[in-house]
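Source file: work_37.tsv (TSV, C-alpha atoms and all ligand atoms)
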```
chain	number	residue	atom	x	y	z
A	213	MET	CA	0.50	0.57	-6.45
A	214	ARG	CA	2.71	1.89	-3.59
A	215	ALA	CA	5.89	1.41	-5.61
A	216	LEU	CA	4.40	2.74	-8.87
A	217	TRP	CA	2.80	5.70	-7.10
A	218	ALA	CA	6.08	6.64	-5.37
A	219	LEU	CA	8.04	6.33	-8.64
A	220	GLU	CA	5.49	8.49	-10.45
A	221	GLU	CA	5.41	11.19	-7.74
A	222	MET	CA	9.21	11.30	-7.64
A	223	GLY	CA	9.70	11.27	-11.41
A	224	ILE	CA	12.08	8.30	-11.32
A	225	GLU	CA	12.29	6.22	-14.50
A	226	TYR	CA	11.35	2.58	-14.21
A	227	GLU	CA	10.37	-0.46	-16.18
A	228	VAL	CA	7.40	-2.66	-15.27
A	229	VAL	CA	7.32	-6.37	-15.98
A	230	SER	CA	3.84	-7.81	-15.72
A	231	MET	CA	2.83	-11.41	-15.26
A	232	PRO	CA	-0.27	-13.46	-14.52
A	233	PHE	CA	-1.55	-13.32	-10.94
A	234	PRO	CA	-0.85	-15.02	-8.64
A	235	PRO	CA	2.63	-15.59	-10.13
A	236	ARG	CA	3.48	-18.26	-7.52
A	237	PHE	CA	1.03	-20.59	-9.30
A	238	LEU	CA	0.78	-19.15	-12.80
A	239	GLN	CA	4.36	-18.07	-13.53
A	240	LYS	CA	6.49	-20.60	-11.71
A	241	ASP	CA	9.78	-19.32	-13.14
A	242	PHE	CA	9.17	-16.10	-11.16
A	243	LEU	CA	10.16	-18.15	-8.09
A	244	GLU	CA	13.72	-18.13	-9.41
A	245	VAL	CA	13.62	-14.33	-9.13
A	246	ASN	CA	11.56	-14.04	-5.94
A	247	ASP	CA	11.27	-17.27	-3.99
A	248	LEU	CA	8.37	-15.80	-2.00
A	249	GLY	CA	6.41	-15.61	-5.26
A	250	THR	CA	4.82	-12.31	-4.26
A	251	ILE	CA	4.47	-8.94	-5.91
A	252	PRO	CA	5.67	-6.25	-5.85
A	253	TYR	CA	9.29	-7.16	-6.52
A	254	MET	CA	11.64	-4.28	-7.13
A	255	ILE	CA	15.12	-4.62	-8.59
A	256	ASP	CA	17.44	-1.62	-8.52
A	257	GLY	CA	21.02	-2.67	-9.28
A	258	GLU	CA	22.04	-5.02	-6.50
A	259	THR	CA	18.95	-4.15	-4.44
A	260	HIS	CA	15.99	-6.55	-4.45
A	261	MET	CA	12.93	-5.62	-2.38
A	262	THR	CA	9.65	-7.41	-1.63
A	263	GLU	CA	7.94	-4.93	0.74
A	264	SER	CA	5.66	-2.35	-0.86
A	265	SER	CA	5.68	-0.12	2.22
A	266	GLY	CA	9.50	-0.12	2.33
A	267	ILE	CA	10.09	0.67	-1.37
A	268	PRO	CA	8.96	4.34	-1.12
A	269	LEU	CA	11.30	4.86	1.87
A	270	TYR	CA	14.16	3.29	-0.11
A	271	LEU	CA	13.46	5.67	-3.02
A	272	VAL	CA	13.41	8.75	-0.73
A	273	GLU	CA	16.72	7.84	0.87
A	274	ARG	CA	18.61	6.29	-2.07
A	275	TYR	CA	17.51	8.88	-4.62
A	276	GLY	CA	17.66	11.90	-2.28
A	277	LYS	CA	13.94	12.66	-2.65
A	278	GLN	CA	13.64	14.36	0.73
A	279	GLU	CA	10.74	16.47	-0.51
A	280	PHE	CA	8.71	13.25	-0.08
A	281	GLY	CA	10.21	12.25	3.29
A	282	LEU	CA	11.32	13.54	6.69
A	283	LYS	CA	14.82	13.56	8.13
A	284	PRO	CA	15.60	12.17	11.62
A	285	ASP	CA	15.97	15.65	13.11
A	286	HIS	CA	12.42	16.62	12.12
A	287	PRO	CA	10.07	16.87	15.15
A	288	GLU	CA	7.52	14.59	13.43
A	289	TYR	CA	10.10	11.98	12.34
A	290	GLY	CA	8.80	9.37	14.82
A	291	ASP	CA	5.25	9.96	13.68
A	292	TYR	CA	6.36	9.63	10.04
A	293	LEU	CA	8.07	6.27	10.68
A	294	ASN	CA	5.11	5.12	12.72
A	295	TRP	CA	2.69	5.75	9.82
A	296	LEU	CA	5.03	3.96	7.39
A	297	PHE	CA	5.05	0.81	9.52
A	298	HIS	CA	1.45	1.19	10.70
A	299	SER	CA	0.34	1.00	7.07
A	300	ASP	CA	1.20	-2.69	6.78
A	301	ALA	CA	1.75	-4.07	10.26
A	302	THR	CA	-1.55	-2.69	11.56
A	303	LEU	CA	-3.75	-1.92	8.53
A	304	THR	CA	-3.16	-4.23	5.57
A	305	PHE	CA	-2.49	-7.20	7.84
A	306	PRO	CA	-6.17	-7.67	8.93
A	307	GLN	CA	-7.28	-6.86	5.37
A	308	THR	CA	-5.35	-9.79	3.94
A	309	ILE	CA	-6.97	-12.16	6.44
A	310	PHE	CA	-10.40	-10.72	5.59
A	311	LEU	CA	-9.65	-11.25	1.89
A	312	ARG	CA	-8.45	-14.79	2.39
A	313	TYR	CA	-11.34	-16.03	4.50
A	314	SER	CA	-14.22	-14.04	3.07
A	315	ARG	CA	-13.28	-14.45	-0.61
A	316	PHE	CA	-10.59	-16.96	-1.51
A	317	GLU	CA	-11.46	-19.62	1.06
A	318	SER	CA	-15.13	-18.90	1.73
A	319	ASP	CA	-15.98	-22.48	0.74
A	320	ARG	CA	-14.14	-23.71	3.88
A	321	GLY	CA	-16.85	-22.17	6.04
A	322	LEU	CA	-14.47	-19.60	7.47
A	323	GLY	CA	-16.49	-16.56	6.35
A	324	GLU	CA	-17.04	-15.64	10.01
A	325	ALA	CA	-13.29	-15.23	10.52
A	326	GLY	CA	-13.27	-12.96	7.47
A	327	GLU	CA	-16.03	-10.82	8.96
A	328	ASP	CA	-14.16	-10.60	12.30
A	329	TYR	CA	-11.08	-9.31	10.52
A	330	ARG	CA	-13.17	-6.73	8.56
A	331	LYS	CA	-14.33	-5.34	11.90
A	332	TRP	CA	-10.83	-5.55	13.32
A	333	TYR	CA	-9.44	-3.56	10.37
A	334	LEU	CA	-12.08	-0.84	10.89
A	335	LYS	CA	-11.24	-0.71	14.61
A	336	ARG	CA	-7.57	-0.33	13.75
A	337	LEU	CA	-8.37	2.86	11.86
A	338	THR	CA	-9.02	4.57	15.23
A	339	ARG	CA	-5.71	6.41	15.33
A	340	LEU	CA	-6.02	7.54	11.71
A	341	ASN	CA	-9.65	8.62	12.22
A	342	ARG	CA	-8.55	10.96	14.99
A	343	HIS	CA	-5.39	12.16	13.22
A	344	LEU	CA	-7.24	13.18	10.06
A	345	LEU	CA	-9.90	15.24	11.83
A	346	ASP	CA	-7.82	18.40	11.42
A	347	ARG	CA	-5.14	17.50	8.87
A	348	GLU	CA	-4.84	17.44	5.11
A	349	PHE	CA	-1.71	15.25	5.12
A	350	LEU	CA	-0.32	12.84	7.71
A	351	VAL	CA	2.85	14.72	8.62
A	352	ASP	CA	4.52	18.11	8.14
A	353	LYS	CA	1.45	19.62	6.42
A	354	ARG	CA	2.65	18.30	3.04
A	355	PHE	CA	2.44	15.17	0.91
A	356	THR	CA	5.00	12.49	1.88
A	357	ILE	CA	5.47	8.76	1.40
A	358	ALA	CA	3.56	8.28	4.68
A	359	ASP	CA	0.51	9.36	2.65
A	360	ILE	CA	1.39	6.85	-0.09
A	361	ASP	CA	1.74	3.95	2.36
A	362	ILE	CA	-1.39	4.75	4.37
A	363	ALA	CA	-3.63	5.88	1.50
A	364	TYR	CA	-2.80	2.67	-0.35
A	365	ALA	CA	-4.05	0.64	2.65
A	366	LEU	CA	-7.28	2.66	2.57
A	367	TYR	CA	-7.52	2.16	-1.19
A	368	LEU	CA	-7.14	-1.60	-0.78
A	369	GLY	CA	-9.90	-1.52	1.85
A	370	GLU	CA	-12.11	0.37	-0.61
A	371	TYR	CA	-11.29	-2.15	-3.34
A	372	LEU	CA	-12.32	-4.93	-0.94
A	373	GLY	CA	-15.68	-3.25	-0.33
A	374	ILE	CA	-14.92	-2.00	3.20
A	375	GLY	CA	-14.67	1.69	2.21
A	376	SER	CA	-18.35	2.41	2.84
A	377	ASP	CA	-17.62	2.06	6.58
A	378	TYR	CA	-14.85	4.67	6.59
A	379	GLU	CA	-15.35	7.82	8.68
A	380	PRO	CA	-16.01	10.89	6.46
A	381	GLN	CA	-12.62	12.52	7.14
A	382	VAL	CA	-10.86	9.28	6.17
A	383	ASP	CA	-12.90	8.84	3.02
A	384	ASP	CA	-12.26	12.51	2.07
A	385	TYR	CA	-8.54	12.00	2.60
A	386	LEU	CA	-8.55	8.85	0.44
A	387	GLN	CA	-10.42	10.61	-2.37
A	388	ARG	CA	-7.95	13.56	-2.18
A	389	MET	CA	-5.00	11.19	-2.43
A	390	LYS	CA	-6.58	9.29	-5.34
A	391	ALA	CA	-7.13	12.57	-7.18
A	392	ARG	CA	-3.38	13.26	-7.27
A	393	PRO	CA	-1.95	13.04	-10.80
A	394	GLY	CA	0.80	10.72	-9.50
A	395	PHE	CA	-1.76	8.24	-8.19
A	396	GLN	CA	-3.75	8.41	-11.41
A	397	ARG	CA	-0.68	7.82	-13.58
A	398	ALA	CA	0.29	4.84	-11.41
A	399	ALA	CA	-3.25	3.43	-11.67
A	400	MET	CA	-3.07	3.76	-15.46
A	401	VAL	CA	0.28	1.97	-15.59
A	402	GLY	CA	-1.24	-0.77	-13.42
A	403	GLU	CA	-4.17	-1.10	-15.79
A	404	GLU	CA	-1.95	-1.14	-18.89
A	405	HIS	CA	-0.06	-3.99	-17.30
A	406	ASN	CA	-3.23	-5.85	-16.66
A	407	THR	CA	-2.93	-5.95	-12.90
A	408	VAL	CA	-5.99	-5.79	-10.68
A	409	GLY	CA	-4.85	-2.37	-9.51
A	410	VAL	CA	-3.79	-3.46	-6.07
B	1	LIG	N1	4.03	-7.35	2.71
B	1	LIG	C1	4.09	-7.48	1.28
B	1	LIG	C2	3.07	-8.52	0.83
B	1	LIG	C3	3.26	-8.94	-0.58
B	1	LIG	C4	2.12	-9.83	-1.00
B	1	LIG	O1	1.66	-10.70	-0.24
B	1	LIG	N2	1.63	-9.61	-2.23
B	1	LIG	C5	0.45	-10.30	-2.70
B	1	LIG	C6	-0.31	-9.40	-3.63
B	1	LIG	S1	-0.82	-7.90	-2.88
B	1	LIG	C7	0.86	-11.50	-3.52
B	1	LIG	O2	1.77	-11.43	-4.30
B	1	LIG	N3	0.12	-12.63	-3.35
B	1	LIG	C8	0.29	-13.77	-4.19
B	1	LIG	C9	0.85	-14.97	-3.50
B	1	LIG	O3	1.17	-14.89	-2.29
B	1	LIG	O4	1.00	-15.97	-4.19
B	1	LIG	C10	3.80	-6.13	0.62
B	1	LIG	O5	2.93	-5.41	1.08
B	1	LIG	O6	4.45	-5.79	-0.35
```
Encoded form (structure tokens):
Amino acid sequence: MRALWALEEMGIEYEVVSMPFPPRFLQKDFLEVNDLGTIPYMIDGETHMTESSGIPLYLVERYGKQEFGLKPDHPEYGDYLNWLFHSDATLTFPQTIFLRYSRFESDRGLGEAGEDYRKWYLKRLTRLNRHLLDREFLVDKRFTIADIDIAYALYLGEYLGIGSDYEPQVDDYLQRMKARPGFQRAAMVGEEHNTVGV
């Protein structure tokens, strides 16, 4: 979703190749393309990328889409980079552990670990909760890829059933981001390609 959403917002042409999920087990020849076996996997000429939070930044810089990014001399540049990295290193990280132990491996009796990581994820929203009290967008009072990276993490949390515990300003922000035509087009492309939308 992050890569598709960024491509849609920026109006960059792309081609999607879909495959059964998880490809590591169900489409073993994908390992010849991406030995990690994960999605997303973006190929642009000689560039091959596996990190969904990095792909939007690549597109801003490589395709000169500065209207979706901030330059280093901008006063909020540090904040912008921090949100980009925060989105995965701090937010989706506990979500993936929650998902693994509460859903995929619940039969191993590790559901408690899953629950701990659900709470940990919610606690890690503290900075965002405060930041969104008086802001429509994360930085520079306009939509940027920081919103794509962070809103996707919130969207994944909602998809995992954690969204009902979001603070109102965070839930409002997520619903605003999901209402964007670029997000909706990306979600449709995801559906057409039979992905689970995450
Ligand atoms: N940090 C990477 C994680 C990529 C990742 O783990 N993708 C998951 C789906 S969201 C996956 O492909 N899992 C299947 C597997 O590991 O076999 C990103 O956010 O892009």
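Distance annotation: of A:Met213, A:Tyr275, A:Arg342, A:Tyr253, the residue with the minimal separation from Glu225 (chain A) is A:Tyr275; atom set is all atoms listed in the file.
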- prompt: Within 10 Å of Tyr333 (chain A), counting only C-alpha atoms, which residues qualify if same-chain residues fewer than 5 places away don't, as a PyMOL selection string?
  reply: chain A and resi 302-310+327-328+338+369+374
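For the residues A:Leu311, A:Pro232, A:Leu243, A:Arg388, ranking by smallest atom-to-atom distance to Tyr371 (chain A) using all atoms listed in the file places A:Leu311 first.
Each of A:Gly373, A:Asn246, A:Arg330, A:Ala301 was checked against Tyr313 (chain A) using only C-alpha atoms; the smallest atom-to-atom distance is that of A:Arg330.
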task: Would you kindly return, as a ChimeraX atom specification, each protein, DNA or RNA residue with an atom no farther than 8 Å from any atom of region 381-383 of chain A, considering all atoms listed in the file and excluding same-chain residues fewer than 3 positions away?
output: /A:340-341,344-345,375,378,386-387
Could you produce a table of the residues of chain A lying within 8 Å of ligand LIG 1 (chain B), with the nearest pair of atoms per residue and their separation in Å rounded to one decimal, using only C-alpha atoms and all ligand atoms, ordered by chain and increasing residue number, as a tab-separated table?
```
residue	atom	partner	partner_atom	distance
A:Phe233	CA	B:LIG1	C8	7.0
A:Pro234	CA	B:LIG1	C8	4.8
A:Pro235	CA	B:LIG1	O4	6.2
A:Arg236	CA	B:LIG1	O4	4.7
A:Phe237	CA	B:LIG1	O4	6.9
A:Leu248	CA	B:LIG1	O3	7.3
A:Gly249	CA	B:LIG1	O4	5.5
A:Thr250	CA	B:LIG1	O2	3.2
A:Ile251	CA	B:LIG1	O2	4.0
A:Pro252	CA	B:LIG1	O6	5.7
A:Tyr253	CA	B:LIG1	O6	8.0
A:Thr262	CA	B:LIG1	O6	5.6
A:Glu263	CA	B:LIG1	O6	3.8
A:Ser264	CA	B:LIG1	O6	3.7
A:Ser265	CA	B:LIG1	O5	6.1
A:Asp300	CA	B:LIG1	O5	6.5
A:Thr304	CA	B:LIG1	O5	7.7
A:Val410	CA	B:LIG1	S1	6.2
```
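Compared by their closest atoms to Tyr270 (chain A), and using all atoms listed in the file, the residues A:Ala215, A:Val245, A:Met231, A:Leu334 rank with A:Ala215 nearest.
Shell of region 281-284 of chain A at 7 Å, with all atoms listed in the file counted and residues fewer than 2 places along the chain excluded, is Val272, Gln278, Glu279, His286, Tyr289, Thr356 and Ile357 of chain A.
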Put the listed atoms of region 361-365 of chain A in a box along x, y and z with 8 Å added on every side and give me the centre and edge lengths in Å to one decimal, as AutoDock Vina command-line options.
```
--center_x -1.2 --center_y 3.3 --center_z 2.0 --size_x 21.8 --size_y 21.2 --size_z 20.7
```
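For the pair CA of Met389 (chain A) and CA of Glu404 (chain A), the interatomic distance is 20.8 Å.
Take CA of Arg397 (chain A) and CA of Asp384 (chain A): the distance between them is 20.0 Å.
Put simply, CA of Tyr292 (chain A) is 9.4 Å away from CA of Asp359 (chain A).
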message: Calculated over only C-alpha atoms, which of the candidates A:Asp256, A:Pro393, A:Tyr385, A:Glu379 has the smallest distance to Glu348 (chain A)?
response: A:Tyr385
- line: Restricting to only C-alpha atoms, whichever of A:Leu372, A:Val228, A:Ile360, A:Ala365 is closest to Phe395 (chain A) is A:Ile360
Tell me which protein, DNA and RNA residues are within 9 Å of Leu293 (chain A), counting only C-alpha atoms, leaving out same-chain ones fewer than 5 positions away, and put them as a short mmCIF file (atom, residue, chain, number, x, y, z; two decimals) with C-alpha atoms, in the frame of the given file.
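Dumped everything to around26.cif:
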```
data_model
loop_
_atom_site.label_atom_id
_atom_site.label_comp_id
_atom_site.auth_asym_id
_atom_site.auth_seq_id
_atom_site.Cartn_x
_atom_site.Cartn_y
_atom_site.Cartn_z
CA LEU A 282 11.32 13.54 6.69
CA GLU A 288 7.52 14.59 13.43
CA HIS A 298 1.45 1.19 10.70
CA ALA A 358 3.56 8.28 4.68
#
```
File output for region 333-375 of chain A (N, CA and C atoms) as a PDB file, in the first residue's frame:
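Output contents, as saved in result-v3.pdb:
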```pdb
ATOM      1  N   TYR A 333       2.446  -1.322  21.045  1.00  0.00           N
ATOM      2  CA  TYR A 333       2.172  -0.509  19.847  1.00  0.00           C
ATOM      3  C   TYR A 333       1.371   0.733  20.228  1.00  0.00           C
ATOM      4  N   LEU A 334       0.300   0.530  21.016  1.00  0.00           N
ATOM      5  CA  LEU A 334      -0.547   1.677  21.396  1.00  0.00           C
ATOM      6  C   LEU A 334       0.253   2.701  22.200  1.00  0.00           C
ATOM      7  N   LYS A 335       1.147   2.215  23.054  1.00  0.00           N
ATOM      8  CA  LYS A 335       1.983   3.117  23.856  1.00  0.00           C
ATOM      9  C   LYS A 335       2.928   3.907  22.948  1.00  0.00           C
ATOM     10  N   ARG A 336       3.367   3.249  21.896  1.00  0.00           N
ATOM     11  CA  ARG A 336       4.311   3.904  20.980  1.00  0.00           C
ATOM     12  C   ARG A 336       3.647   4.948  20.079  1.00  0.00           C
ATOM     13  N   LEU A 337       2.337   5.074  20.205  1.00  0.00           N
ATOM     14  CA  LEU A 337       1.638   6.137  19.464  1.00  0.00           C
ATOM     15  C   LEU A 337       1.676   7.465  20.229  1.00  0.00           C
ATOM     16  N   THR A 338       2.291   7.460  21.423  1.00  0.00           N
ATOM     17  CA  THR A 338       2.283   8.651  22.288  1.00  0.00           C
ATOM     18  C   THR A 338       2.698   9.921  21.556  1.00  0.00           C
ATOM     19  N   ARG A 339       3.806   9.830  20.848  1.00  0.00           N
ATOM     20  CA  ARG A 339       4.335  11.028  20.164  1.00  0.00           C
ATOM     21  C   ARG A 339       3.354  11.511  19.077  1.00  0.00           C
ATOM     22  N   LEU A 340       2.804  10.558  18.341  1.00  0.00           N
ATOM     23  CA  LEU A 340       1.850  10.896  17.284  1.00  0.00           C
ATOM     24  C   LEU A 340       0.560  11.464  17.870  1.00  0.00           C
ATOM     25  N   ASN A 341       0.103  10.868  18.979  1.00  0.00           N
ATOM     26  CA  ASN A 341      -1.114  11.363  19.650  1.00  0.00           C
ATOM     27  C   ASN A 341      -0.983  12.852  19.958  1.00  0.00           C
ATOM     28  N   ARG A 342       0.164  13.213  20.495  1.00  0.00           N
ATOM     29  CA  ARG A 342       0.393  14.617  20.877  1.00  0.00           C
ATOM     30  C   ARG A 342       0.525  15.490  19.621  1.00  0.00           C
ATOM     31  N   HIS A 343       1.286  15.000  18.653  1.00  0.00           N
ATOM     32  CA  HIS A 343       1.572  15.779  17.443  1.00  0.00           C
ATOM     33  C   HIS A 343       0.296  16.121  16.672  1.00  0.00           C
ATOM     34  N   LEU A 344      -0.651  15.191  16.666  1.00  0.00           N
ATOM     35  CA  LEU A 344      -1.855  15.389  15.846  1.00  0.00           C
ATOM     36  C   LEU A 344      -2.949  16.191  16.551  1.00  0.00           C
ATOM     37  N   LEU A 345      -2.693  16.591  17.791  1.00  0.00           N
ATOM     38  CA  LEU A 345      -3.733  17.351  18.510  1.00  0.00           C
ATOM     39  C   LEU A 345      -4.090  18.644  17.783  1.00  0.00           C
ATOM     40  N   ASP A 346      -3.093  19.272  17.147  1.00  0.00           N
ATOM     41  CA  ASP A 346      -3.365  20.558  16.499  1.00  0.00           C
ATOM     42  C   ASP A 346      -2.809  20.607  15.075  1.00  0.00           C
ATOM     43  N   ARG A 347      -2.778  19.452  14.404  1.00  0.00           N
ATOM     44  CA  ARG A 347      -2.253  19.448  13.030  1.00  0.00           C
ATOM     45  C   ARG A 347      -3.121  18.605  12.117  1.00  0.00           C
ATOM     46  N   GLU A 348      -3.210  19.053  10.867  1.00  0.00           N
ATOM     47  CA  GLU A 348      -3.928  18.273   9.862  1.00  0.00           C
ATOM     48  C   GLU A 348      -2.992  17.258   9.199  1.00  0.00           C
ATOM     49  N   PHE A 349      -1.737  17.695   8.991  1.00  0.00           N
ATOM     50  CA  PHE A 349      -0.718  16.840   8.364  1.00  0.00           C
ATOM     51  C   PHE A 349       0.493  16.782   9.298  1.00  0.00           C
ATOM     52  N   LEU A 350       1.398  15.837   9.043  1.00  0.00           N
ATOM     53  CA  LEU A 350       2.519  15.674   9.981  1.00  0.00           C
ATOM     54  C   LEU A 350       3.526  16.812   9.920  1.00  0.00           C
ATOM     55  N   VAL A 351       3.859  17.241   8.699  1.00  0.00           N
ATOM     56  CA  VAL A 351       4.861  18.318   8.583  1.00  0.00           C
ATOM     57  C   VAL A 351       4.438  19.337   7.531  1.00  0.00           C
ATOM     58  N   ASP A 352       4.918  20.551   7.713  1.00  0.00           N
ATOM     59  CA  ASP A 352       4.800  21.637   6.731  1.00  0.00           C
ATOM     60  C   ASP A 352       3.360  21.973   6.336  1.00  0.00           C
ATOM     61  N   LYS A 353       2.393  21.596   7.165  1.00  0.00           N
ATOM     62  CA  LYS A 353       0.975  21.920   6.920  1.00  0.00           C
ATOM     63  C   LYS A 353       0.488  21.472   5.528  1.00  0.00           C
ATOM     64  N   ARG A 354       1.070  20.401   5.014  1.00  0.00           N
ATOM     65  CA  ARG A 354       0.634  19.867   3.717  1.00  0.00           C
ATOM     66  C   ARG A 354       0.895  18.369   3.687  1.00  0.00           C
ATOM     67  N   PHE A 355       0.273  17.697   2.728  1.00  0.00           N
ATOM     68  CA  PHE A 355       0.424  16.252   2.596  1.00  0.00           C
ATOM     69  C   PHE A 355       1.828  15.917   2.060  1.00  0.00           C
ATOM     70  N   THR A 356       2.524  15.018   2.754  1.00  0.00           N
ATOM     71  CA  THR A 356       3.836  14.549   2.274  1.00  0.00           C
ATOM     72  C   THR A 356       3.903  13.029   2.436  1.00  0.00           C
ATOM     73  N   ILE A 357       5.029  12.471   2.002  1.00  0.00           N
ATOM     74  CA  ILE A 357       5.214  11.020   2.167  1.00  0.00           C
ATOM     75  C   ILE A 357       5.314  10.611   3.642  1.00  0.00           C
ATOM     76  N   ALA A 358       5.581  11.573   4.542  1.00  0.00           N
ATOM     77  CA  ALA A 358       5.547  11.231   5.977  1.00  0.00           C
ATOM     78  C   ALA A 358       4.135  10.778   6.330  1.00  0.00           C
ATOM     79  N   ASP A 359       3.128  11.425   5.726  1.00  0.00           N
ATOM     80  CA  ASP A 359       1.737  11.009   5.968  1.00  0.00           C
ATOM     81  C   ASP A 359       1.480   9.624   5.382  1.00  0.00           C
ATOM     82  N   ILE A 360       2.063   9.329   4.230  1.00  0.00           N
ATOM     83  CA  ILE A 360       1.873   7.992   3.641  1.00  0.00           C
ATOM     84  C   ILE A 360       2.466   6.929   4.570  1.00  0.00           C
ATOM     85  N   ASP A 361       3.704   7.149   4.999  1.00  0.00           N
ATOM     86  CA  ASP A 361       4.372   6.124   5.816  1.00  0.00           C
ATOM     87  C   ASP A 361       3.665   5.919   7.154  1.00  0.00           C
ATOM     88  N   ILE A 362       3.303   7.013   7.807  1.00  0.00           N
ATOM     89  CA  ILE A 362       2.670   6.897   9.130  1.00  0.00           C
ATOM     90  C   ILE A 362       1.216   6.435   9.013  1.00  0.00           C
ATOM     91  N   ALA A 363       0.459   7.010   8.082  1.00  0.00           N
ATOM     92  CA  ALA A 363      -0.956   6.619   7.978  1.00  0.00           C
ATOM     93  C   ALA A 363      -1.076   5.145   7.599  1.00  0.00           C
ATOM     94  N   TYR A 364      -0.119   4.645   6.820  1.00  0.00           N
ATOM     95  CA  TYR A 364      -0.177   3.218   6.494  1.00  0.00           C
ATOM     96  C   TYR A 364      -0.032   2.367   7.770  1.00  0.00           C
ATOM     97  N   ALA A 365       0.884   2.786   8.656  1.00  0.00           N
ATOM     98  CA  ALA A 365       1.061   2.022   9.914  1.00  0.00           C
ATOM     99  C   ALA A 365      -0.247   2.021  10.706  1.00  0.00           C
ATOM    100  N   LEU A 366      -0.920   3.174  10.725  1.00  0.00           N
ATOM    101  CA  LEU A 366      -2.209   3.258  11.436  1.00  0.00           C
ATOM    102  C   LEU A 366      -3.253   2.377  10.754  1.00  0.00           C
ATOM    103  N   TYR A 367      -3.222   2.376   9.435  1.00  0.00           N
ATOM    104  CA  TYR A 367      -4.165   1.573   8.643  1.00  0.00           C
ATOM    105  C   TYR A 367      -3.943   0.077   8.919  1.00  0.00           C
ATOM    106  N   LEU A 368      -2.680  -0.317   8.999  1.00  0.00           N
ATOM    107  CA  LEU A 368      -2.389  -1.724   9.307  1.00  0.00           C
ATOM    108  C   LEU A 368      -2.918  -2.066  10.705  1.00  0.00           C
ATOM    109  N   GLY A 369      -2.725  -1.142  11.647  1.00  0.00           N
ATOM    110  CA  GLY A 369      -3.249  -1.362  13.003  1.00  0.00           C
ATOM    111  C   GLY A 369      -4.765  -1.527  12.977  1.00  0.00           C
ATOM    112  N   GLU A 370      -5.423  -0.702  12.173  1.00  0.00           N
ATOM    113  CA  GLU A 370      -6.893  -0.786  12.050  1.00  0.00           C
ATOM    114  C   GLU A 370      -7.280  -2.143  11.446  1.00  0.00           C
ATOM    115  N   TYR A 371      -6.552  -2.537  10.422  1.00  0.00           N
ATOM    116  CA  TYR A 371      -6.805  -3.824   9.761  1.00  0.00           C
ATOM    117  C   TYR A 371      -6.637  -4.989  10.755  1.00  0.00           C
ATOM    118  N   LEU A 372      -5.706  -4.811  11.698  1.00  0.00           N
ATOM    119  CA  LEU A 372      -5.454  -5.865  12.687  1.00  0.00           C
ATOM    120  C   LEU A 372      -6.427  -5.803  13.864  1.00  0.00           C
ATOM    121  N   GLY A 373      -7.335  -4.840  13.838  1.00  0.00           N
ATOM    122  CA  GLY A 373      -8.351  -4.753  14.887  1.00  0.00           C
ATOM    123  C   GLY A 373      -7.923  -3.924  16.090  1.00  0.00           C
ATOM    124  N   ILE A 374      -6.843  -3.138  15.949  1.00  0.00           N
ATOM    125  CA  ILE A 374      -6.355  -2.341  17.080  1.00  0.00           C
ATOM    126  C   ILE A 374      -6.887  -0.904  16.997  1.00  0.00           C
ATOM    127  N   GLY A 375      -7.499  -0.556  15.855  1.00  0.00           N
ATOM    128  CA  GLY A 375      -7.907   0.830  15.595  1.00  0.00           C
ATOM    129  C   GLY A 375      -8.917   1.380  16.592  1.00  0.00           C
TER     130      GLY A 375
END
```
